[in-house]
>>> print(open('data.pdb').read())   # PDB, C-alpha atoms
ATOM      1  CA  MET A   1       0.000   0.000   0.000  1.00  0.00           C
ATOM      2  CA  PRO A   2       1.555   3.335  -1.018  1.00  0.00           C
ATOM      3  CA  GLU A   3       2.230   6.057   1.533  1.00  0.00           C
ATOM      4  CA  PRO A   4      -0.294   8.916   1.487  1.00  0.00           C
ATOM      5  CA  THR A   5       1.047  12.088  -0.020  1.00  0.00           C
ATOM      6  CA  GLY A   6       0.856  15.540   1.500  1.00  0.00           C
ATOM      7  CA  VAL A   7      -2.089  16.461  -0.737  1.00  0.00           C
ATOM      8  CA  VAL A   8      -4.115  13.487   0.483  1.00  0.00           C
ATOM      9  CA  LEU A   9      -3.337  14.287   4.130  1.00  0.00           C
ATOM     10  CA  ALA A  10      -4.297  17.923   3.648  1.00  0.00           C
ATOM     11  CA  THR A  11      -7.536  16.884   1.967  1.00  0.00           C
ATOM     12  CA  GLU A  12      -8.446  14.614   4.880  1.00  0.00           C
ATOM     13  CA  TYR A  13      -7.519  17.351   7.329  1.00  0.00           C
ATOM     14  CA  PHE A  14      -9.758  19.949   5.704  1.00  0.00           C
ATOM     15  CA  ARG A  15     -12.579  17.436   5.184  1.00  0.00           C
ATOM     16  CA  SER A  16     -12.951  17.143   8.964  1.00  0.00           C
ATOM     17  CA  TYR A  17     -13.228  20.923   9.200  1.00  0.00           C
ATOM     18  CA  SER A  18     -15.746  21.026   6.384  1.00  0.00           C
ATOM     19  CA  VAL A  19     -18.194  19.135   8.625  1.00  0.00           C
ATOM     20  CA  VAL A  20     -17.764  21.776  11.328  1.00  0.00           C
ATOM     21  CA  GLY A  21     -18.211  24.536   8.761  1.00  0.00           C
ATOM     22  CA  LEU A  22     -21.327  22.887   7.354  1.00  0.00           C
ATOM     23  CA  ILE A  23     -22.887  22.598  10.821  1.00  0.00           C
ATOM     24  CA  ALA A  24     -22.029  26.237  11.553  1.00  0.00           C
ATOM     25  CA  LEU A  25     -23.585  27.305   8.247  1.00  0.00           C
ATOM     26  CA  ILE A  26     -26.751  25.326   8.996  1.00  0.00           C
ATOM     27  CA  GLY A  27     -26.911  26.971  12.423  1.00  0.00           C
ATOM     28  CA  VAL A  28     -26.564  30.474  10.952  1.00  0.00           C
ATOM     29  CA  LEU A  29     -29.189  29.714   8.314  1.00  0.00           C
ATOM     30  CA  PHE A  30     -31.555  28.355  10.967  1.00  0.00           C
ATOM     31  CA  VAL A  31     -31.241  31.546  13.013  1.00  0.00           C
ATOM     32  CA  ALA A  32     -31.650  33.741   9.919  1.00  0.00           C
ATOM     33  CA  VAL A  33     -34.782  31.858   8.837  1.00  0.00           C
ATOM     34  CA  ALA A  34     -36.244  32.070  12.348  1.00  0.00           C
ATOM     35  CA  PHE A  35     -35.658  35.832  12.579  1.00  0.00           C
ATOM     36  CA  THR A  36     -37.019  36.410   9.076  1.00  0.00           C
ATOM     37  CA  ALA A  37     -40.131  34.340   9.807  1.00  0.00           C
ATOM     38  CA  GLY A  38     -40.662  36.252  13.037  1.00  0.00           C
ATOM     39  CA  ARG A  39     -40.353  39.567  11.246  1.00  0.00           C
ATOM     40  CA  LEU A  40     -42.799  38.515   8.520  1.00  0.00           C
ATOM     41  CA  LEU A  41     -45.398  36.929  10.795  1.00  0.00           C
ATOM     42  CA  ARG A  42     -45.591  39.402  13.664  1.00  0.00           C
ATOM     43  CA  PRO A  43     -48.203  42.151  13.685  1.00  0.00           C
ATOM     44  CA  VAL A  44     -46.805  45.676  13.449  1.00  0.00           C
ATOM     45  CA  VAL A  45     -49.218  48.072  15.137  1.00  0.00           C
ATOM     46  CA  PRO A  46     -47.309  50.850  16.907  1.00  0.00           C
ATOM     47  CA  THR A  47     -49.284  52.565  19.664  1.00  0.00           C
ATOM     48  CA  PRO A  48     -48.153  55.242  22.131  1.00  0.00           C
ATOM     49  CA  GLU A  49     -48.173  52.677  24.948  1.00  0.00           C
ATOM     50  CA  LYS A  50     -45.895  50.343  23.023  1.00  0.00           C
ATOM     51  CA  LEU A  51     -43.413  53.139  22.390  1.00  0.00           C
ATOM     52  CA  LEU A  52     -42.990  53.915  26.126  1.00  0.00           C
ATOM     53  CA  THR A  53     -39.967  52.682  28.037  1.00  0.00           C
ATOM     54  CA  TYR A  54     -40.838  49.479  29.879  1.00  0.00           C
ATOM     55  CA  GLU A  55     -39.993  49.529  33.595  1.00  0.00           C
ATOM     56  CA  CYS A  56     -41.299  46.339  35.209  1.00  0.00           C
ATOM     57  CA  GLY A  57     -44.924  47.088  34.466  1.00  0.00           C
ATOM     58  CA  VAL A  58     -44.821  50.559  36.045  1.00  0.00           C
ATOM     59  CA  ASP A  59     -45.378  53.620  33.898  1.00  0.00           C
ATOM     60  CA  PRO A  60     -42.207  55.715  33.748  1.00  0.00           C
ATOM     61  CA  VAL A  61     -42.364  58.943  35.734  1.00  0.00           C
ATOM     62  CA  GLY A  62     -39.874  61.791  35.622  1.00  0.00           C
ATOM     63  CA  GLU A  63     -36.541  61.928  33.860  1.00  0.00           C
ATOM     64  CA  GLY A  64     -34.330  59.066  32.830  1.00  0.00           C
ATOM     65  CA  TRP A  65     -31.446  60.259  35.008  1.00  0.00           C
ATOM     66  CA  ALA A  66     -30.911  58.722  38.425  1.00  0.00           C
ATOM     67  CA  HIS A  67     -28.245  59.147  41.071  1.00  0.00           C
ATOM     68  CA  THR A  68     -26.222  56.086  41.974  1.00  0.00           C
ATOM     69  CA  GLN A  69     -24.109  55.721  45.082  1.00  0.00           C
ATOM     70  CA  VAL A  70     -20.485  55.142  44.110  1.00  0.00           C
ATOM     71  CA  ARG A  71     -19.720  53.323  47.359  1.00  0.00           C
ATOM     72  CA  TYR A  72     -21.735  50.306  46.189  1.00  0.00           C
ATOM     73  CA  TYR A  73     -19.391  50.048  43.223  1.00  0.00           C
ATOM     74  CA  VAL A  74     -16.448  49.807  45.594  1.00  0.00           C
ATOM     75  CA  TYR A  75     -18.085  46.973  47.559  1.00  0.00           C
ATOM     76  CA  ALA A  76     -18.839  45.130  44.336  1.00  0.00           C
ATOM     77  CA  PHE A  77     -15.245  45.625  43.218  1.00  0.00           C
ATOM     78  CA  LEU A  78     -13.910  44.231  46.497  1.00  0.00           C
ATOM     79  CA  TYR A  79     -16.227  41.247  46.154  1.00  0.00           C
ATOM     80  CA  VAL A  80     -14.934  40.533  42.657  1.00  0.00           C
ATOM     81  CA  ILE A  81     -11.346  40.699  43.896  1.00  0.00           C
ATOM     82  CA  PHE A  82     -11.958  38.143  46.638  1.00  0.00           C
ATOM     83  CA  ALA A  83     -14.121  35.947  44.401  1.00  0.00           C
ATOM     84  CA  VAL A  84     -11.267  35.761  41.897  1.00  0.00           C
ATOM     85  CA  ASP A  85      -8.934  34.928  44.774  1.00  0.00           C
ATOM     86  CA  SER A  86     -11.098  32.071  45.969  1.00  0.00           C
ATOM     87  CA  ILE A  87     -11.544  30.724  42.421  1.00  0.00           C
ATOM     88  CA  PHE A  88      -7.778  30.787  41.946  1.00  0.00           C
ATOM     89  CA  LEU A  89      -7.197  28.801  45.148  1.00  0.00           C
ATOM     90  CA  PHE A  90      -8.919  25.607  43.955  1.00  0.00           C
ATOM     91  CA  PRO A  91      -6.757  24.887  40.889  1.00  0.00           C
ATOM     92  CA  TRP A  92      -3.690  25.982  42.839  1.00  0.00           C
ATOM     93  CA  ALA A  93      -4.436  23.410  45.530  1.00  0.00           C
ATOM     94  CA  THR A  94      -4.673  20.619  42.951  1.00  0.00           C
ATOM     95  CA  VAL A  95      -1.426  21.595  41.212  1.00  0.00           C
ATOM     96  CA  PHE A  96       0.387  22.108  44.522  1.00  0.00           C
ATOM     97  CA  ALA A  97       0.052  18.396  45.317  1.00  0.00           C
ATOM     98  CA  ALA A  98       1.511  17.308  41.944  1.00  0.00           C
ATOM     99  CA  ASP A  99       5.098  16.122  41.785  1.00  0.00           C
ATOM    100  CA  GLY A 100       7.642  18.758  40.814  1.00  0.00           C
ATOM    101  CA  TYR A 101       5.311  21.756  41.118  1.00  0.00           C
ATOM    102  CA  GLY A 102       5.252  22.311  44.867  1.00  0.00           C
ATOM    103  CA  ALA A 103       7.851  25.057  45.297  1.00  0.00           C
ATOM    104  CA  THR A 104       6.937  26.894  42.102  1.00  0.00           C
ATOM    105  CA  THR A 105       3.236  27.014  42.845  1.00  0.00           C
ATOM    106  CA  LEU A 106       3.897  28.022  46.445  1.00  0.00           C
ATOM    107  CA  VAL A 107       5.960  31.023  45.304  1.00  0.00           C
ATOM    108  CA  GLU A 108       3.331  31.959  42.705  1.00  0.00           C
ATOM    109  CA  MET A 109       0.574  31.816  45.318  1.00  0.00           C
ATOM    110  CA  PHE A 110       2.487  34.029  47.733  1.00  0.00           C
ATOM    111  CA  ILE A 111       3.058  36.577  44.958  1.00  0.00           C
ATOM    112  CA  PHE A 112      -0.653  36.493  44.118  1.00  0.00           C
ATOM    113  CA  LEU A 113      -1.657  36.817  47.778  1.00  0.00           C
ATOM    114  CA  GLY A 114       0.842  39.671  48.114  1.00  0.00           C
ATOM    115  CA  PHE A 115      -0.912  41.605  45.349  1.00  0.00           C
ATOM    116  CA  LEU A 116      -4.252  40.999  47.047  1.00  0.00           C
ATOM    117  CA  ALA A 117      -2.840  42.079  50.396  1.00  0.00           C
ATOM    118  CA  VAL A 118      -1.548  45.333  48.884  1.00  0.00           C
ATOM    119  CA  GLY A 119      -5.003  45.986  47.388  1.00  0.00           C
ATOM    120  CA  LEU A 120      -6.703  45.222  50.697  1.00  0.00           C
ATOM    121  CA  LEU A 121      -4.266  47.467  52.575  1.00  0.00           C
ATOM    122  CA  TYR A 122      -4.933  50.272  50.088  1.00  0.00           C
ATOM    123  CA  ALA A 123      -8.694  49.857  50.520  1.00  0.00           C
ATOM    124  CA  TRP A 124      -8.303  49.836  54.299  1.00  0.00           C
ATOM    125  CA  LYS A 125      -6.127  53.002  54.268  1.00  0.00           C
ATOM    126  CA  LYS A 126      -8.679  54.781  52.063  1.00  0.00           C
ATOM    127  CA  GLY A 127     -11.442  53.901  54.540  1.00  0.00           C
ATOM    128  CA  VAL A 128     -13.403  51.794  52.070  1.00  0.00           C
ATOM    129  CA  LEU A 129     -13.845  48.944  54.524  1.00  0.00           C
ATOM    130  CA  THR A 130     -15.648  51.040  57.157  1.00  0.00           C
ATOM    131  CA  TRP A 131     -19.411  50.708  57.090  1.00  0.00           C
ATOM    132  CA  THR A 132     -21.083  54.118  57.411  1.00  0.00           C
TER     133      THR A 132
END
>>> encode(input="data.pdb", output="structure tokens")
Amino acid sequence: MPEPTGVVLATEYFRSYSVVGLIALIGVLFVAVAFTAGRLLRPVVPTPEKLLTYECGVDPVGEGWAHTQVRYYVYAFLYVIFAVDSIFLFPWATVFAADGYGATTLVEMFIFLGFLAVGLLYAWKKGVLTWT
């Protein structure tokens, strides 16, 4: 049996991707047909009530501008920082037990915790962590 040439290997390689491309094309066509059918079949009767801004079933009153407390943003930001820290701890704990990675992962974790400690110290010095 002769050895396959580079052209044959390339053809087989791209044939496997052609299946993925065909499925993607069918998916795009399905979405396009669904949106087109929805646009053609829906009734279009604009009324003043339909053109109002929807706010949970309550008629909008006043202007669209509202004041937001910036301090809630800071609490959300601190939460994200510590959520990322806790998510990072789980894979670190699994790699730490693997052979040959102990010292490297320990140093990396202390560097990461050092960055978090600096951020927490900065937030504490700025008075962000006091509840008022």
>>> residues_around(input="data.pdb", residues="stretch 122-126 of chain A", least_positions_apart="4", cutoff="10 Å", atoms="all atoms listed in the file", output="mmCIF file with C-alpha atoms, in the frame of the given file")
data_model
loop_
_atom_site.group_PDB
_atom_site.id
_atom_site.type_symbol
_atom_site.label_atom_id
_atom_site.label_comp_id
_atom_site.auth_asym_id
_atom_site.auth_seq_id
_atom_site.Cartn_x
_atom_site.Cartn_y
_atom_site.Cartn_z
ATOM 1 C CA VAL A 74 -16.448 49.807 45.594
ATOM 2 C CA LEU A 78 -13.910 44.231 46.497
ATOM 3 C CA LEU A 116 -4.252 40.999 47.047
ATOM 4 C CA ALA A 117 -2.840 42.079 50.396
ATOM 5 C CA VAL A 118 -1.548 45.333 48.884
ATOM 6 C CA THR A 130 -15.648 51.040 57.157
#
>>> closest_residue(input="data.pdb", among="A:Ala37, A:Leu129, A:Leu113, A:Val28", to="A:Phe77", atoms="all atoms listed in the file")
A:Leu129
>>> atom_distance(input="data.pdb", atom1="atom CA of A:Glu12", atom2="atom CA of A:Leu25")
20.0 Å
>>> atom_distance(input="data.pdb", atom1="atom CA of A:Val33", atom2="atom CA of A:Thr53")
28.8 Å
>>> residues_around(input="data.pdb", residues="A:Tyr75", least_positions_apart="3", cutoff="12 Å", atoms="all atoms listed in the file", output="JSON, numbers by chain")
{"A": [69, 70, 71, 72, 78, 79, 80, 81, 82, 120, 123, 127, 128, 129, 130, 131]}
>>> atom_distance(input="data.pdb", atom1="atom CA of A:Val95", atom2="atom CA of A:Phe110")
14.6 Å
>>> axis_aligned_box(input="data.pdb", around="stretch 89-103 of chain A", padding_each_side="6 Å", output="JSON")
{"center_x": -0.5, "center_y": 22.5, "center_z": 43.2, "size_x": 28.8, "size_y": 24.7, "size_z": 16.7}
>>> closest_residue(input="data.pdb", among="A:Glu63, A:Gly21, A:Trp92, A:Thr47", to="A:Val107", atoms="all atoms listed in the file")
A:Trp92
>>> closest_residue(input="data.pdb", among="A:Ile23, A:Leu121, A:Met109, A:Ala66", to="A:Asp85", atoms="only C-alpha atoms")
A:Met109
>>> build_atoms(input="data.pdb", residues="stretch 103-118 of chain A", atoms="N, CA and C atoms", output="compact mmCIF listing (two decimals), in the coordinates of the input")
# COMPACT_ATOMS: atom_id res chain seq x y z
N ALA A 103 7.17 23.80 44.97
CA ALA A 103 7.85 25.06 45.30
C ALA A 103 7.44 26.18 44.36
N THR A 104 7.31 25.87 43.08
CA THR A 104 6.94 26.89 42.10
C THR A 104 5.55 27.44 42.37
N THR A 105 4.61 26.54 42.60
CA THR A 105 3.24 27.01 42.84
C THR A 105 3.11 27.72 44.18
N LEU A 106 3.93 27.33 45.15
CA LEU A 106 3.90 28.02 46.44
C LEU A 106 4.38 29.46 46.29
N VAL A 107 5.45 29.67 45.54
CA VAL A 107 5.96 31.02 45.30
C VAL A 107 4.94 31.84 44.52
N GLU A 108 4.33 31.24 43.49
CA GLU A 108 3.33 31.96 42.70
C GLU A 108 2.14 32.37 43.57
N MET A 109 1.72 31.49 44.47
CA MET A 109 0.57 31.82 45.32
C MET A 109 0.92 32.94 46.28
N PHE A 110 2.12 32.94 46.83
CA PHE A 110 2.49 34.03 47.73
C PHE A 110 2.59 35.37 46.99
N ILE A 111 3.04 35.34 45.75
CA ILE A 111 3.06 36.58 44.96
C ILE A 111 1.63 37.06 44.71
N PHE A 112 0.75 36.14 44.35
CA PHE A 112 -0.65 36.49 44.12
C PHE A 112 -1.31 37.02 45.39
N LEU A 113 -1.10 36.35 46.50
CA LEU A 113 -1.66 36.82 47.78
C LEU A 113 -1.03 38.15 48.20
N GLY A 114 0.22 38.38 47.82
CA GLY A 114 0.84 39.67 48.11
C GLY A 114 0.16 40.81 47.37
N PHE A 115 -0.18 40.59 46.10
CA PHE A 115 -0.91 41.60 45.35
C PHE A 115 -2.28 41.88 45.98
N LEU A 116 -2.96 40.81 46.39
CA LEU A 116 -4.25 41.00 47.05
C LEU A 116 -4.11 41.71 48.38
N ALA A 117 -3.06 41.42 49.11
CA ALA A 117 -2.84 42.08 50.40
C ALA A 117 -2.56 43.57 50.20
N VAL A 118 -1.81 43.91 49.17
CA VAL A 118 -1.55 45.33 48.88
C VAL A 118 -2.85 46.04 48.53
